[in-house]
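Colleague: Following this message is one structure expressed as structure tokens.
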Amino acid sequence: MLIGSDSGIIVEYKGRRVALDPKHDVRADLVFVSHAHTDHMHRASSIGKVLTSKETLRIAEARGFRYPNASHEPDPSLEMIDSGHVLGSKTLLIDDRILYTGDICTRDRAFLKGARLPRCEILMIESTYGKKGFRFPSVEDIVHKANMLIADMYSRGLPVILMGYPFGKAQIITSLFRHWEPLYIYESVARMNSVYRELGVRLGDDHATIVRSKDIDSLKHGPWLMVAPKQSNNSLFVRMMKKHYNAVTVAFTGWALAYWHSRFHDYTLPLSDHCDFYELVQVVNSCKPNKIYTFHGFAEEFASYLRGMGYDAEAIGSKCSKCNILDYI
């Protein structure tokens with residue numbers, strides 16, 4: 001039995017109840033935490049056995065989440081596979097049959113390798129960008145365009161602020177653009193970068209200067225590069241950076257392909273930690289499942305497209321909140 005609810009997805013299979021990235025306390029024999037983004041974790045008052053990667057556990061702790069009963073060693077019926085989304089992110093394969101992707105990305109980016117997923121009979125796949133038309137340029141194209149943009153701003157004497165989510169995207173940005181000098185890293189990004197170093201990932205930012213909120217008025221004038229958390233041009237921090245230094249903002253997000261997103265920053269570039277629509281289709285075709293459940297983002301649209309391809313697909317939380325997965329295996 002597969003159950004979709006506000007708390008996430010629960011699989012009941014062979015007498016065991018497995019909760020997948022629950023957002024609230026749930027009754028389950030095992031809770032699987034795919035990665036340490038806050039929308040995939042919860043601060044449980046009491047939580048049972050947790051399965052996650054050692055990297056996710058450490059990053060979760062750094063973000064204020066505690067899982068005292070966590071294990072990195074699944075039993076033989078469970079297998080964690082790299083999902084390519086962020087450091088430590090995993091998919092979960094149950095009994096070599098049921099695959100839950102969590103958030104996935106199949107593109108290599110800096111130090112991260114893209115996901116390579118096995119065949120399965122039931123596929124639960126995220127569909128953040130599961131709408132036709134979301135096609136991301138290659139990482140090489142994005143990096144080239146960003147470097148050209150930075151070089152142009154430097155030639156004008158203007159500093160540049162590169163923005164991404166403080167855990168995940170910001171570390172990719174740090175690694176990809178570490179060659180620019182002077183290099184500043186905003187304090188919240190720097191804290192996460194230090195956790196990456198602790199986990200054995202060198203981002204090449206040893207020469208960077210950490211910038212705290214109290215330092216905003218004391219940076220050098222002229223061109224420099226800063227990696228900072230993603231925020232709009234209307235935020236107090238960006239307004240101050242523009243007032244004091246005439247800084248230019250560049251945000252990295254898959255939503256750069258959506259027309260409404262460009263108004264929040266000076267420039268937006270579509271570098272994503274998720275699969276685009278066409279990559280999601282490739283994942284489905286390579287897994288060759290008998291049954292597909294889509295979740296998150298454009299779940300309805302993606303399920304509809306897959307049905308048009310001949311797959312048995314539906315969105316979790318739509319017409320079927322409880323489904324008998326044994327019908328498909």
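How things are named: the first chain in the structure tokens is A, the next is B, and so on; residues count from 1 in each chain; ligands count from 1 in the order shown.
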DSSP on the backbone, then: every residue of stretch 147-263 of chain A marked alpha helix (DSSP H), written as a VMD selection string.

Modeller: chain A and resid 147 to 155 169 to 176 187 to 198 236 to 245

Colleague: Can you write out the residues you just picked, keeping C-alpha atoms, as a short mmCIF file (atom, residue, chain, number, x, y, z; two decimals), in the first residue's frame?

Modeller:
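This is the output file out39.cif:
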```cif
data_model
loop_
_atom_site.label_atom_id
_atom_site.label_comp_id
_atom_site.auth_asym_id
_atom_site.auth_seq_id
_atom_site.Cartn_x
_atom_site.Cartn_y
_atom_site.Cartn_z
CA ASN A 147 32.16 33.97 -16.60
CA MET A 148 31.58 36.29 -19.56
CA LEU A 149 29.08 38.28 -17.50
CA ILE A 150 31.46 38.55 -14.54
CA ALA A 151 34.31 39.62 -16.82
CA ASP A 152 32.11 42.32 -18.34
CA MET A 153 31.16 43.65 -14.89
CA TYR A 154 34.82 43.60 -13.76
CA SER A 155 35.79 45.62 -16.83
CA LYS A 169 23.56 25.50 -4.88
CA ALA A 170 25.91 27.92 -3.11
CA GLN A 171 28.59 25.24 -2.77
CA ILE A 172 28.34 24.41 -6.48
CA ILE A 173 28.69 28.12 -7.29
CA THR A 174 31.67 28.46 -4.94
CA SER A 175 33.44 25.58 -6.66
CA LEU A 176 32.66 26.72 -10.20
CA GLU A 187 28.68 34.01 6.48
CA SER A 188 25.73 31.60 6.14
CA VAL A 189 27.26 30.11 2.99
CA ALA A 190 30.68 29.97 4.65
CA ARG A 191 29.26 27.96 7.55
CA MET A 192 27.92 25.34 5.16
CA ASN A 193 31.13 25.39 3.13
CA SER A 194 33.01 24.48 6.32
CA VAL A 195 30.71 21.47 6.82
CA TYR A 196 31.53 20.37 3.27
CA ARG A 197 35.23 20.59 4.08
CA GLU A 198 34.64 18.55 7.21
CA LEU A 236 17.80 44.88 2.72
CA PHE A 237 21.14 43.16 2.06
CA VAL A 238 21.00 43.66 -1.72
CA ARG A 239 19.76 47.23 -1.40
CA MET A 240 22.75 47.98 0.84
CA MET A 241 25.15 46.28 -1.61
CA LYS A 242 23.77 48.35 -4.46
CA LYS A 243 23.82 51.57 -2.48
CA HIS A 244 27.40 51.22 -1.24
CA TYR A 245 29.05 49.33 -4.12
#
```

Colleague: Please identify the strand (DSSP E) residues within stretch 22-236 of chain A (assignment by DSSP from backbone atoms) and present them as a PyMOL selection string.

Modeller: chain A and resi 30-32+50-51+70-71+78-82+90-94+98-100+122-126+160-164+183-186+209-211+225-229

Colleague: Could you pull the residues within 12 Å of A:Gly48, counting only C-alpha atoms, minus those fewer than 2 positions along the same chain, as a PyMOL selection string?

Modeller: chain A and resi 17-19+25-32+44-46+50-51+66-71

Colleague: How far is it from atom CA of A:Thr128 to atom CA of A:Arg202, in Å with one decimal?

Modeller: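 Answer for the atom CA of A:Thr128 to atom CA of A:Arg202 separation: 29.1 Å.
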
Colleague: With a cut-off of 10 Å, could you pull out the residues of stretch 154-249 of chain A touching stretch 36-43 of chain A and give me the nearest pair of atoms for each, distance in Å to one decimal, using only C-alpha atoms, ordered by chain and ascending number, as a Markdown table?

Modeller:
```
| residue | atom | partner | partner_atom | distance |
| --- | --- | --- | --- | --- |
| A:Tyr165 | CA | A:His37 | CA | 9.8 |
| A:Phe167 | CA | A:His37 | CA | 7.5 |
| A:Gly168 | CA | A:His37 | CA | 8.5 |
```

Colleague: Go ahead and save the picked residues with C-alpha atoms, as a PDB file, in the first residue's frame.

Modeller:
```pdb
ATOM      1  CA  TYR A 165      20.409  28.389  -1.911  1.00  0.00           C
ATOM      2  CA  PHE A 167      22.982  24.640   1.168  1.00  0.00           C
ATOM      3  CA  GLY A 168      23.529  22.885  -2.149  1.00  0.00           C
TER       4      GLY A 168
END
```

Colleague: Near A:Leu117, within 12 Å and counting only C-alpha atoms, which residues show up once chain neighbours fewer than 6 positions away are dropped, as a ChimeraX atom specification?

Modeller: /A:79-84,90-93,96,98-102,104-106,123,125,280,282-289

Colleague: How many Å lie between atom CA of A:Ala208 and atom CA of A:Lys113, rounded to one decimal?

Modeller: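 Between atom CA of A:Ala208 and atom CA of A:Lys113 the gap works out to 25.0 Å.
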
Colleague: So that I can check the surroundings of A:His35, please list as a list of chain:residue names every protein, DNA and RNA residue that reaches within 9 Å of it, counting only C-alpha atoms and ignoring chain neighbours fewer than 3 positions away.

Modeller: A:Asp21, A:Thr38, A:His40, A:Met41, A:Thr52, A:Ser53, A:Glu55, A:Thr56, A:Leu57, A:Ile59, A:Ala60, A:His85, A:Val86, A:Leu87, A:Gly88, A:Ser89, A:Lys90, A:Gly102, A:Asp103

Colleague: Go through A:Glu301, A:Asp273, A:Glu121, A:Asp95 one by one, measure the shortest atom-to-atom distance of each to A:Lys14 using only C-alpha atoms, and give the residue with the smallest value.

Modeller: A:Asp95

Colleague: What's around A:Phe264 at 9 Å? Count only C-alpha atoms, leave out sequence neighbours fewer than 6 positions away in its own chain, and write the answer as JSON, numbers by chain.

Modeller: {"A": [231, 232, 233, 234, 251]}

Colleague: Take atom CA of A:Asn290 and atom CA of A:Ala315 and report the distance between them in Å, one decimal.

Modeller: 14.8 Å
